[in-house]
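S.K.: Supplied in structure tokens, the structure appears directly below.
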Amino acid sequence: MTGVLVTGGTGKTGRVLAALLRERGVPVRVASRTPSAGAPAAVRFDWNDPATHPEALRGTDRVYLVPPVHTTDPMPLVRPFLAEAERLGVRRVVLLGSALVLPGAPGALELAAHVRARPGWVVLRPSGFMQNFLAPHPLGERIRRHGDIRTAATTGRVGWIDAGDIAAVAAALLATPDGHTHAPRDHLLTGPEALSYRDAAQIISHHTGRPIRVVPVTVAEQADVYRASGMPHAFATALASVDAGIRTGRDDHISTAVRDLTGRPPRTFAEFARQHAARW
């Protein structure tokens with residue numbers, strides 16, 4: 001058996017995925033820009049350094065693909081990597097996409113279409129991450145430091161999903177080279193319920209005993225918050241515009257994909273808040 005290359009291997013989903021695959025006896029290579037010398041099967045991988053790509057792919061036939069972060073157009077960096085993966089005989093790629101579409105950023109949609117077009121390759125489209133409510137994400141930092149959530153989404157709802165559930169789905173698809181070969185090539189991943197930011201604030205308040213306020217802001221003000229956190233201008237603008245889509249109800253969806261692919265229900269936001277209450 002060859003193994004799985006986990007890009008973004010130290011991130012929210014990659015770290016959990018690597019552990020889940022190892023539990024199943026699957027060989028894993030954990031890719032990151034600065035791999036720890038003592039980490040098992042760690043390999044250096046940098047989107048901006050194509051020379052690192054062939055070595056990272058060596059001995060693998062499956063890839064968990066986390067695109068470059070904070071960019072509105074990942075294709076110039078990802079396309080050569082995927083071409084190299086195909087050349088080396090990679091049989092399955094599972095792409096971490098998103099159900100929350102960045103306005104004015106067609107590159108992510110182009111990447112998803114590119115992956116779906118390959119036999120056996122799969123796109124995951126998770127809804128908003130529950131982990132965004134934790135620091136160091138700007139949303140989580142705001143809750144921790146100021147006890148409020150600033151949003152332009154008003155009462156719009158999102159099917160928030162725990163990163164661990166995303167990793168569990170990816171593990172089910174990557175554990176064997178030909179696993180779920182007849183499953184759809186695109187999976188919308190959500191938690192068990194759709195919640196507004198106000199709903200989420202009430203749940204966090206309940207589990208922390210600390211009142212969390214929701215403060216309405218404009219999309220432009222939201223973009224300023226993201227830019228102040230260090231995000232590039234274009235990406236911050238696009239990310240803030242996601243709230244406008246949430247406001248219209250575009251992301252008020254629930255799917256059964258987590259249960260269908262893992263055999264267990266996705267985690268609730270209340271369970272997430274209870275576990276992480278001390279971090280707020």
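Chain lettering (A, B, ...) mirrors the order of the structure tokens, residue numbering begins at 1 for each chain separately, and ligand numbering begins at 1 in order of display.
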Report as a ChimeraX atom specification all protein, DNA and RNA residues lying within 7 Å of range 186-189 of chain A, evaluated on only C-alpha atoms, omitting residues in the same chain fewer than 5 positions from it.
M.R.: /A:99,122-127,255,257-258
S.K.: Let's see if you can do this: from backbone DSSP, list all strand (DSSP E) residues in range 10-128 of chain A, as a ChimeraX atom specification.
M.R.: /A:28-32,42-44,60-65,92-96,122-126
S.K.: Would you mind listing, for every residue of range 50-158 of chain A within 8 Å of range 206-223 of chain A, the two atoms forming the shortest contact and the distance between them in Å to one decimal, using only C-alpha atoms, sorted by chain and ascending residue number, as a tab-separated table?
M.R.:
residue	atom	partner	partner_atom	distance
A:Ile143	CA	A:Ile212	CA	7.1
A:Gly147	CA	A:Ile212	CA	4.9
A:Asp148	CA	A:Arg213	CA	4.5
A:Ile149	CA	A:Val214	CA	4.7
A:Arg150	CA	A:Val215	CA	4.8
A:Thr151	CA	A:Pro216	CA	5.4
A:Ala152	CA	A:Val217	CA	5.1
A:Ala153	CA	A:Pro216	CA	7.9
A:Thr154	CA	A:Pro216	CA	6.6
S.K.: For those residues, write all heavy atoms to a file as a PDB file, in the first residue's frame.
M.R.:
ATOM      1  N   ILE A 143     -14.384  37.731  20.036  1.00  0.00           N
ATOM      2  CA  ILE A 143     -15.192  37.190  21.134  1.00  0.00           C
ATOM      3  C   ILE A 143     -14.371  37.148  22.416  1.00  0.00           C
ATOM      4  O   ILE A 143     -14.821  37.577  23.476  1.00  0.00           O
ATOM      5  CB  ILE A 143     -15.703  35.779  20.782  1.00  0.00           C
ATOM      6  CG1 ILE A 143     -16.637  35.832  19.562  1.00  0.00           C
ATOM      7  CG2 ILE A 143     -16.434  35.161  21.970  1.00  0.00           C
ATOM      8  CD1 ILE A 143     -17.016  34.470  19.037  1.00  0.00           C
ATOM      9  N   GLY A 147     -15.889  40.266  23.801  1.00  0.00           N
ATOM     10  CA  GLY A 147     -17.193  39.709  24.114  1.00  0.00           C
ATOM     11  C   GLY A 147     -18.260  40.050  23.107  1.00  0.00           C
ATOM     12  O   GLY A 147     -19.449  40.130  23.449  1.00  0.00           O
ATOM     13  N   ASP A 148     -17.852  40.237  21.846  1.00  0.00           N
ATOM     14  CA  ASP A 148     -18.860  40.524  20.823  1.00  0.00           C
ATOM     15  C   ASP A 148     -18.491  39.896  19.485  1.00  0.00           C
ATOM     16  O   ASP A 148     -17.347  39.484  19.256  1.00  0.00           O
ATOM     17  CB  ASP A 148     -19.119  42.029  20.679  1.00  0.00           C
ATOM     18  CG  ASP A 148     -17.928  42.811  20.131  1.00  0.00           C
ATOM     19  OD1 ASP A 148     -17.171  42.280  19.301  1.00  0.00           O
ATOM     20  OD2 ASP A 148     -17.747  43.983  20.538  1.00  0.00           O
ATOM     21  N   ILE A 149     -19.504  39.814  18.636  1.00  0.00           N
ATOM     22  CA  ILE A 149     -19.351  39.328  17.267  1.00  0.00           C
ATOM     23  C   ILE A 149     -19.804  40.448  16.350  1.00  0.00           C
ATOM     24  O   ILE A 149     -20.945  40.912  16.442  1.00  0.00           O
ATOM     25  CB  ILE A 149     -20.211  38.071  17.012  1.00  0.00           C
ATOM     26  CG1 ILE A 149     -19.722  36.901  17.871  1.00  0.00           C
ATOM     27  CG2 ILE A 149     -20.196  37.701  15.529  1.00  0.00           C
ATOM     28  CD1 ILE A 149     -20.634  35.691  17.820  1.00  0.00           C
ATOM     29  N   ARG A 150     -18.929  40.905  15.467  1.00  0.00           N
ATOM     30  CA  ARG A 150     -19.275  41.935  14.498  1.00  0.00           C
ATOM     31  C   ARG A 150     -19.528  41.261  13.160  1.00  0.00           C
ATOM     32  O   ARG A 150     -18.666  40.546  12.661  1.00  0.00           O
ATOM     33  CB  ARG A 150     -18.155  42.972  14.394  1.00  0.00           C
ATOM     34  CG  ARG A 150     -17.954  43.711  15.711  1.00  0.00           C
ATOM     35  CD  ARG A 150     -16.994  44.863  15.591  1.00  0.00           C
ATOM     36  NE  ARG A 150     -17.031  45.627  16.836  1.00  0.00           N
ATOM     37  CZ  ARG A 150     -17.110  46.954  16.892  1.00  0.00           C
ATOM     38  NH1 ARG A 150     -17.175  47.650  15.781  1.00  0.00           N
ATOM     39  NH2 ARG A 150     -17.134  47.561  18.062  1.00  0.00           N
ATOM     40  N   THR A 151     -20.694  41.476  12.601  1.00  0.00           N
ATOM     41  CA  THR A 151     -21.063  40.777  11.374  1.00  0.00           C
ATOM     42  C   THR A 151     -22.032  41.600  10.538  1.00  0.00           C
ATOM     43  O   THR A 151     -22.835  42.362  11.076  1.00  0.00           O
ATOM     44  CB  THR A 151     -21.698  39.406  11.687  1.00  0.00           C
ATOM     45  OG1 THR A 151     -22.114  38.785  10.464  1.00  0.00           O
ATOM     46  CG2 THR A 151     -22.905  39.548  12.601  1.00  0.00           C
ATOM     47  N   ALA A 152     -21.921  41.413   9.222  1.00  0.00           N
ATOM     48  CA  ALA A 152     -22.860  42.022   8.280  1.00  0.00           C
ATOM     49  C   ALA A 152     -23.909  41.017   7.820  1.00  0.00           C
ATOM     50  O   ALA A 152     -24.689  41.303   6.923  1.00  0.00           O
ATOM     51  CB  ALA A 152     -22.091  42.567   7.069  1.00  0.00           C
ATOM     52  N   ALA A 153     -23.950  39.851   8.459  1.00  0.00           N
ATOM     53  CA  ALA A 153     -24.865  38.782   8.022  1.00  0.00           C
ATOM     54  C   ALA A 153     -26.263  38.910   8.602  1.00  0.00           C
ATOM     55  O   ALA A 153     -27.151  38.144   8.219  1.00  0.00           O
ATOM     56  CB  ALA A 153     -24.276  37.424   8.401  1.00  0.00           C
ATOM     57  N   THR A 154     -26.484  39.831   9.528  1.00  0.00           N
ATOM     58  CA  THR A 154     -27.764  40.014  10.228  1.00  0.00           C
ATOM     59  C   THR A 154     -28.283  38.674  10.749  1.00  0.00           C
ATOM     60  O   THR A 154     -27.595  37.999  11.488  1.00  0.00           O
ATOM     61  CB  THR A 154     -28.800  40.740   9.354  1.00  0.00           C
ATOM     62  OG1 THR A 154     -29.101  39.958   8.185  1.00  0.00           O
ATOM     63  CG2 THR A 154     -28.293  42.108   8.924  1.00  0.00           C
TER      64      THR A 154
END
S.K.: Do you know which residues are at most 10 Å from range 35-39 of chain A counting only C-alpha atoms, after dropping those on the same chain fewer than 6 positions away, and could you put them as a PyMOL selection string?
M.R.: chain A and resi 9-10+45
S.K.: Output all heavy atoms for every residue in that selection, as a short mmCIF file (atom, residue, chain, number, x, y, z; two decimals), in the first residue's frame.
M.R.:
data_model
loop_
_atom_site.label_atom_id
_atom_site.label_comp_id
_atom_site.auth_asym_id
_atom_site.auth_seq_id
_atom_site.Cartn_x
_atom_site.Cartn_y
_atom_site.Cartn_z
N GLY A 9 -0.88 19.97 6.61
CA GLY A 9 -0.88 18.89 7.59
C GLY A 9 -0.86 19.32 9.03
O GLY A 9 -1.12 18.50 9.92
N THR A 10 -0.57 20.60 9.29
CA THR A 10 -0.60 21.09 10.67
C THR A 10 -1.79 22.01 10.91
O THR A 10 -1.87 22.65 11.95
CB THR A 10 0.71 21.86 10.99
OG1 THR A 10 0.86 22.95 10.07
CG2 THR A 10 1.92 20.94 10.88
N PHE A 45 6.84 21.34 2.36
CA PHE A 45 6.01 21.62 1.20
C PHE A 45 5.65 23.09 1.21
O PHE A 45 5.15 23.61 2.21
CB PHE A 45 4.72 20.78 1.25
CG PHE A 45 3.79 21.03 0.09
CD1 PHE A 45 3.95 20.33 -1.10
CD2 PHE A 45 2.78 21.96 0.18
CE1 PHE A 45 3.10 20.56 -2.17
CE2 PHE A 45 1.93 22.20 -0.88
CZ PHE A 45 2.09 21.49 -2.07
#
S.K.: From the set A:Ala201, A:Val63, A:Leu88, A:Leu21, which residue has the shortest atom-to-atom contact distance to Gly140 in chain A, counting only C-alpha atoms?
M.R.: A:Ala201
S.K.: Looking at A:Val90, A:Ile161, A:Val115, A:Val43, which one is nearest to Glu271 in chain A, with distances taken over only C-alpha atoms?
M.R.: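 Closest candidate: A:Ile161.
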S.K.: Would you mind writing down, as an NGL selection string, each residue of range 126-261 of chain A that DSSP on the backbone assigns to helix (DSSP H, G or I)?
M.R.: :A and (130-133 or 138-146 or 163-174 or 197-208 or 219-228 or 233-247 or 257-261)
S.K.: Just want the 9 Å neighbourhood of Ala238 in chain A, counted on only C-alpha atoms, with same-chain residues fewer than 6 positions away dropped. Output as an mmCIF file with all heavy atoms, in the first residue's frame.
M.R.:
data_model
loop_
_atom_site.group_PDB
_atom_site.id
_atom_site.type_symbol
_atom_site.label_atom_id
_atom_site.label_comp_id
_atom_site.auth_asym_id
_atom_site.auth_seq_id
_atom_site.Cartn_x
_atom_site.Cartn_y
_atom_site.Cartn_z
ATOM 1 N N THR A 72 -7.386 34.888 -3.533
ATOM 2 C CA THR A 72 -8.629 34.791 -4.292
ATOM 3 C C THR A 72 -8.456 33.959 -5.553
ATOM 4 O O THR A 72 -9.446 33.646 -6.215
ATOM 5 C CB THR A 72 -9.132 36.193 -4.684
ATOM 6 O OG1 THR A 72 -8.100 36.870 -5.430
ATOM 7 C CG2 THR A 72 -9.481 37.006 -3.436
ATOM 8 N N LEU A 102 -16.531 32.886 -2.293
ATOM 9 C CA LEU A 102 -15.989 34.238 -2.223
ATOM 10 C C LEU A 102 -16.432 35.028 -3.450
ATOM 11 O O LEU A 102 -16.076 34.672 -4.577
ATOM 12 C CB LEU A 102 -14.466 34.202 -2.167
ATOM 13 C CG LEU A 102 -13.807 33.609 -0.930
ATOM 14 C CD1 LEU A 102 -12.294 33.639 -1.089
ATOM 15 C CD2 LEU A 102 -14.213 34.358 0.323
ATOM 16 N N PRO A 103 -17.198 36.104 -3.279
ATOM 17 C CA PRO A 103 -17.617 36.916 -4.423
ATOM 18 C C PRO A 103 -16.407 37.505 -5.159
ATOM 19 O O PRO A 103 -15.430 37.923 -4.538
ATOM 20 C CB PRO A 103 -18.463 38.028 -3.781
ATOM 21 C CG PRO A 103 -18.924 37.459 -2.480
ATOM 22 C CD PRO A 103 -17.785 36.585 -2.013
ATOM 23 N N GLY A 104 -16.486 37.490 -6.479
ATOM 24 C CA GLY A 104 -15.409 38.067 -7.270
ATOM 25 C C GLY A 104 -14.125 37.276 -7.228
ATOM 26 O O GLY A 104 -13.055 37.824 -7.532
ATOM 27 N N ALA A 105 -14.207 36.014 -6.854
ATOM 28 C CA ALA A 105 -13.003 35.173 -6.762
ATOM 29 C C ALA A 105 -13.277 33.838 -7.452
ATOM 30 O O ALA A 105 -13.455 32.814 -6.783
ATOM 31 C CB ALA A 105 -12.600 34.973 -5.310
ATOM 32 N N ALA A 223 -14.656 44.136 6.306
ATOM 33 C CA ALA A 223 -13.398 44.007 5.566
ATOM 34 C C ALA A 223 -12.259 44.694 6.303
ATOM 35 O O ALA A 223 -11.126 44.201 6.323
ATOM 36 C CB ALA A 223 -13.558 44.586 4.168
#
